[in-house]
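Printed here is input-v4.cif (mmCIF, C-alpha atoms):
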data_protein
loop_
_atom_site.group_PDB
_atom_site.id
_atom_site.type_symbol
_atom_site.label_atom_id
_atom_site.label_comp_id
_atom_site.auth_asym_id
_atom_site.auth_seq_id
_atom_site.Cartn_x
_atom_site.Cartn_y
_atom_site.Cartn_z
ATOM 1 C CA MET A 1 -181.455 -20.756 -205.097
ATOM 2 C CA VAL A 2 -179.402 -19.066 -202.368
ATOM 3 C CA MET A 3 -178.609 -20.843 -199.122
ATOM 4 C CA PRO A 4 -179.367 -18.760 -196.037
ATOM 5 C CA THR A 5 -176.313 -17.790 -194.047
ATOM 6 C CA PRO A 6 -176.241 -18.925 -190.448
ATOM 7 C CA SER A 7 -176.905 -16.167 -187.992
ATOM 8 C CA GLU A 8 -174.133 -14.939 -185.760
ATOM 9 C CA PRO A 9 -174.295 -16.309 -182.231
ATOM 10 C CA LYS A 10 -175.136 -13.733 -179.596
ATOM 11 C CA PRO A 11 -172.527 -14.109 -176.851
ATOM 12 C CA GLU A 12 -174.423 -11.882 -174.431
ATOM 13 C CA GLN A 13 -177.514 -14.052 -174.658
ATOM 14 C CA ASP A 14 -175.559 -17.322 -174.485
ATOM 15 C CA SER A 15 -173.547 -16.098 -171.499
ATOM 16 C CA GLY A 16 -176.682 -14.886 -169.769
ATOM 17 C CA GLN A 17 -178.409 -18.215 -170.201
ATOM 18 C CA ALA A 18 -175.313 -20.097 -169.092
ATOM 19 C CA ALA A 19 -174.997 -17.877 -166.040
ATOM 20 C CA ALA A 20 -178.648 -18.441 -165.156
ATOM 21 C CA HIS A 21 -178.252 -22.221 -165.405
ATOM 22 C CA VAL A 22 -175.065 -22.210 -163.356
ATOM 23 C CA ALA A 23 -176.605 -19.938 -160.724
ATOM 24 C CA SER A 24 -179.636 -22.204 -160.498
ATOM 25 C CA ALA A 25 -177.474 -25.310 -160.107
ATOM 26 C CA HIS A 26 -175.402 -23.499 -157.473
ATOM 27 C CA GLN A 27 -178.525 -22.640 -155.487
ATOM 28 C CA ILE A 28 -179.841 -26.209 -155.692
ATOM 29 C CA LEU A 29 -176.536 -27.638 -154.472
ATOM 30 C CA LYS A 30 -176.301 -25.124 -151.617
ATOM 31 C CA SER A 31 -179.833 -26.066 -150.542
ATOM 32 C CA LEU A 32 -178.975 -29.753 -150.724
ATOM 33 C CA GLN A 33 -175.830 -29.149 -148.695
ATOM 34 C CA GLU A 34 -177.873 -27.403 -145.996
ATOM 35 C CA LYS A 35 -180.278 -30.356 -145.828
ATOM 36 C CA LEU A 36 -177.647 -33.108 -145.899
ATOM 37 C CA GLY A 37 -174.767 -31.398 -144.144
ATOM 38 C CA GLU A 38 -171.196 -30.979 -145.307
ATOM 39 C CA HIS A 39 -169.999 -33.439 -147.938
ATOM 40 C CA PRO A 40 -166.707 -33.186 -149.861
ATOM 41 C CA GLU A 41 -168.275 -33.874 -153.265
ATOM 42 C CA LEU A 42 -171.010 -31.281 -152.748
ATOM 43 C CA GLY A 43 -168.419 -28.769 -151.614
ATOM 44 C CA ALA A 44 -166.295 -29.459 -154.706
ATOM 45 C CA ALA A 45 -169.301 -29.107 -157.023
ATOM 46 C CA ILE A 46 -170.287 -25.809 -155.410
ATOM 47 C CA THR A 47 -166.728 -24.499 -155.727
ATOM 48 C CA LYS A 48 -166.592 -25.446 -159.416
ATOM 49 C CA LEU A 49 -169.911 -23.691 -160.056
ATOM 50 C CA GLU A 50 -168.667 -20.580 -158.277
ATOM 51 C CA MET A 51 -165.542 -20.636 -160.464
ATOM 52 C CA ALA A 52 -167.696 -21.020 -163.592
ATOM 53 C CA LEU A 53 -169.842 -18.057 -162.548
ATOM 54 C CA ASN A 54 -166.711 -15.980 -162.007
ATOM 55 C CA ASP A 55 -165.388 -16.965 -165.453
ATOM 56 C CA LEU A 56 -168.684 -15.981 -167.064
ATOM 57 C CA ALA A 57 -168.667 -12.674 -165.218
ATOM 58 C CA ILE A 58 -165.165 -11.933 -166.499
ATOM 59 C CA GLN A 59 -166.050 -12.958 -170.067
ATOM 60 C CA THR A 60 -169.118 -10.727 -170.109
ATOM 61 C CA GLY A 61 -167.531 -7.811 -168.305
ATOM 62 C CA GLY A 62 -169.817 -8.333 -165.330
ATOM 63 C CA MET A 63 -172.954 -8.001 -167.465
ATOM 64 C CA LEU A 64 -174.665 -11.130 -166.141
#
Representation of the structure as structure tokens:
Amino acid sequence: MVMPTPSEPKPEQDSGQAAAHVASAHQILKSLQEKLGEHPELGAAITKLEMALNDLAIQTGGML
């Protein structure tokens, strides 16, 4: 009996899904910030999400 080999991960698909989740979280936080006003923690979270999106864009060659 032969064990099946694990399939290779697809970085394009993983990066695309990650980018979609990060973009969605970014949009939710921006909306919350508009409703609640400026808050340092919200601003920091939005900045970190923007940095994550930029990292993903660089890793995927802008193919998000």
Applied to this file, what does the PyMOL selection byres ((chain A and resi 47) around 12) return in terms of residues, put as a PyMOL selection string?
chain A and resi 22-23+25-27+29-30+40-46+48-54
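The interatomic distance for the pair CA of His39 (chain A) and CA of Ala20 (chain A) works out to 24.4 Å.
CA of Leu56 (chain A) lies 8.5 Å from CA of Gly16 (chain A).
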Just so I have it separately, write region 44-60 of chain A from the block I sent, keeping all heavy atoms, as a JSON list (two decimals), in the first residue's frame.
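Saved the output as result_29.json:
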[["chain", "number", "residue", "atom", "x", "y", "z"],
["A", 44, "ALA", "N", -3.59, 52.12, 14.82],
["A", 44, "ALA", "CA", -2.46, 51.19, 14.79],
["A", 44, "ALA", "C", -2.85, 49.90, 14.07],
["A", 44, "ALA", "O", -2.07, 49.36, 13.28],
["A", 44, "ALA", "CB", -1.99, 50.88, 16.21],
["A", 45, "ALA", "N", -4.06, 49.41, 14.32],
["A", 45, "ALA", "CA", -4.52, 48.18, 13.66],
["A", 45, "ALA", "C", -4.64, 48.39, 12.15],
["A", 45, "ALA", "O", -4.24, 47.53, 11.36],
["A", 45, "ALA", "CB", -5.86, 47.74, 14.24],
["A", 46, "ILE", "N", -5.16, 49.54, 11.75],
["A", 46, "ILE", "CA", -5.30, 49.84, 10.33],
["A", 46, "ILE", "C", -3.92, 49.93, 9.68],
["A", 46, "ILE", "O", -3.70, 49.39, 8.59],
["A", 46, "ILE", "CB", -6.11, 51.13, 10.13],
["A", 46, "ILE", "CG1", -7.58, 50.88, 10.51],
["A", 46, "ILE", "CG2", -6.01, 51.64, 8.70],
["A", 46, "ILE", "CD1", -8.42, 52.12, 10.64],
["A", 47, "THR", "N", -2.98, 50.58, 10.34],
["A", 47, "THR", "CA", -1.62, 50.69, 9.80],
["A", 47, "THR", "C", -0.99, 49.33, 9.63],
["A", 47, "THR", "O", -0.37, 49.04, 8.60],
["A", 47, "THR", "CB", -0.75, 51.57, 10.73],
["A", 47, "THR", "OG1", -1.34, 52.88, 10.78],
["A", 47, "THR", "CG2", 0.67, 51.68, 10.22],
["A", 48, "LYS", "N", -1.15, 48.45, 10.63],
["A", 48, "LYS", "CA", -0.58, 47.10, 10.53],
["A", 48, "LYS", "C", -1.21, 46.31, 9.38],
["A", 48, "LYS", "O", -0.52, 45.56, 8.68],
["A", 48, "LYS", "CB", -0.72, 46.36, 11.85],
["A", 48, "LYS", "CG", 0.22, 46.90, 12.92],
["A", 48, "LYS", "CD", 0.27, 46.00, 14.12],
["A", 48, "LYS", "CE", 1.22, 46.54, 15.14],
["A", 48, "LYS", "NZ", 2.60, 46.22, 14.87],
["A", 49, "LEU", "N", -2.50, 46.45, 9.19],
["A", 49, "LEU", "CA", -3.16, 45.78, 8.07],
["A", 49, "LEU", "C", -2.66, 46.31, 6.73],
["A", 49, "LEU", "O", -2.45, 45.55, 5.78],
["A", 49, "LEU", "CB", -4.68, 45.93, 8.16],
["A", 49, "LEU", "CG", -5.35, 45.03, 9.19],
["A", 49, "LEU", "CD1", -6.80, 45.44, 9.39],
["A", 49, "LEU", "CD2", -5.28, 43.58, 8.76],
["A", 50, "GLU", "N", -2.46, 47.62, 6.64],
["A", 50, "GLU", "CA", -1.93, 48.19, 5.41],
["A", 50, "GLU", "C", -0.53, 47.67, 5.13],
["A", 50, "GLU", "O", -0.19, 47.37, 3.98],
["A", 50, "GLU", "CB", -1.93, 49.72, 5.49],
["A", 50, "GLU", "CG", -3.34, 50.31, 5.43],
["A", 50, "GLU", "CD", -3.40, 51.79, 5.74],
["A", 50, "GLU", "OE1", -2.42, 52.35, 6.29],
["A", 50, "GLU", "OE2", -4.44, 52.39, 5.46],
["A", 51, "MET", "N", 0.28, 47.52, 6.18],
["A", 51, "MET", "CA", 1.63, 46.97, 6.01],
["A", 51, "MET", "C", 1.57, 45.51, 5.56],
["A", 51, "MET", "O", 2.33, 45.08, 4.69],
["A", 51, "MET", "CB", 2.43, 47.12, 7.32],
["A", 51, "MET", "CG", 2.78, 48.57, 7.62],
["A", 51, "MET", "SD", 3.45, 48.91, 9.26],
["A", 51, "MET", "CE", 4.59, 47.62, 9.56],
["A", 52, "ALA", "N", 0.63, 44.75, 6.12],
["A", 52, "ALA", "CA", 0.47, 43.35, 5.73],
["A", 52, "ALA", "C", 0.05, 43.24, 4.27],
["A", 52, "ALA", "O", 0.54, 42.38, 3.53],
["A", 52, "ALA", "CB", -0.54, 42.65, 6.64],
["A", 53, "LEU", "N", -0.86, 44.10, 3.84],
["A", 53, "LEU", "CA", -1.28, 44.10, 2.44],
["A", 53, "LEU", "C", -0.11, 44.43, 1.52],
["A", 53, "LEU", "O", 0.05, 43.82, 0.47],
["A", 53, "LEU", "CB", -2.41, 45.12, 2.22],
["A", 53, "LEU", "CG", -3.82, 44.63, 2.51],
["A", 53, "LEU", "CD1", -4.80, 45.80, 2.44],
["A", 53, "LEU", "CD2", -4.23, 43.54, 1.55],
["A", 54, "ASN", "N", 0.70, 45.39, 1.93],
["A", 54, "ASN", "CA", 1.88, 45.74, 1.13],
["A", 54, "ASN", "C", 2.85, 44.57, 1.05],
["A", 54, "ASN", "O", 3.41, 44.29, -0.01],
["A", 54, "ASN", "CB", 2.58, 46.98, 1.70],
["A", 54, "ASN", "CG", 1.79, 48.24, 1.46],
["A", 54, "ASN", "OD1", 1.00, 48.33, 0.53],
["A", 54, "ASN", "ND2", 2.00, 49.23, 2.30],
["A", 55, "ASP", "N", 3.07, 43.88, 2.17],
["A", 55, "ASP", "CA", 3.96, 42.71, 2.17],
["A", 55, "ASP", "C", 3.43, 41.63, 1.24],
["A", 55, "ASP", "O", 4.19, 41.02, 0.47],
["A", 55, "ASP", "CB", 4.11, 42.13, 3.58],
["A", 55, "ASP", "CG", 4.96, 43.01, 4.49],
["A", 55, "ASP", "OD1", 5.67, 43.90, 3.97],
["A", 55, "ASP", "OD2", 4.90, 42.81, 5.72],
["A", 56, "LEU", "N", 2.13, 41.38, 1.28],
["A", 56, "LEU", "CA", 1.54, 40.37, 0.40],
["A", 56, "LEU", "C", 1.68, 40.78, -1.07],
["A", 56, "LEU", "O", 1.95, 39.94, -1.92],
["A", 56, "LEU", "CB", 0.06, 40.16, 0.74],
["A", 56, "LEU", "CG", -0.21, 39.30, 1.97],
["A", 56, "LEU", "CD1", -1.68, 39.42, 2.38],
["A", 56, "LEU", "CD2", 0.14, 37.86, 1.70],
["A", 57, "ALA", "N", 1.50, 42.06, -1.33],
["A", 57, "ALA", "CA", 1.63, 42.54, -2.71],
["A", 57, "ALA", "C", 3.06, 42.32, -3.21],
["A", 57, "ALA", "O", 3.27, 41.89, -4.35],
["A", 57, "ALA", "CB", 1.25, 44.01, -2.80],
["A", 58, "ILE", "N", 4.03, 42.59, -2.36],
["A", 58, "ILE", "CA", 5.43, 42.38, -2.75],
["A", 58, "ILE", "C", 5.72, 40.90, -2.96],
["A", 58, "ILE", "O", 6.35, 40.51, -3.96],
["A", 58, "ILE", "CB", 6.37, 42.98, -1.69],
["A", 58, "ILE", "CG1", 6.28, 44.51, -1.73],
["A", 58, "ILE", "CG2", 7.81, 42.53, -1.91],
["A", 58, "ILE", "CD1", 6.94, 45.20, -0.55],
["A", 59, "GLN", "N", 5.24, 40.05, -2.06],
["A", 59, "GLN", "CA", 5.47, 38.61, -2.16],
["A", 59, "GLN", "C", 4.85, 38.01, -3.41],
["A", 59, "GLN", "O", 5.36, 37.05, -3.97],
["A", 59, "GLN", "CB", 4.95, 37.88, -0.93],
["A", 59, "GLN", "CG", 5.75, 38.14, 0.32],
["A", 59, "GLN", "CD", 5.12, 37.52, 1.55],
["A", 59, "GLN", "OE1", 4.13, 36.80, 1.47],
["A", 59, "GLN", "NE2", 5.69, 37.81, 2.71],
["A", 60, "THR", "N", 3.73, 38.55, -3.83],
["A", 60, "THR", "CA", 3.04, 37.98, -5.00],
["A", 60, "THR", "C", 3.33, 38.76, -6.28],
["A", 60, "THR", "O", 2.73, 38.48, -7.30],
["A", 60, "THR", "CB", 1.51, 37.99, -4.75],
["A", 60, "THR", "OG1", 1.07, 39.33, -4.58],
["A", 60, "THR", "CG2", 1.13, 37.13, -3.56]]
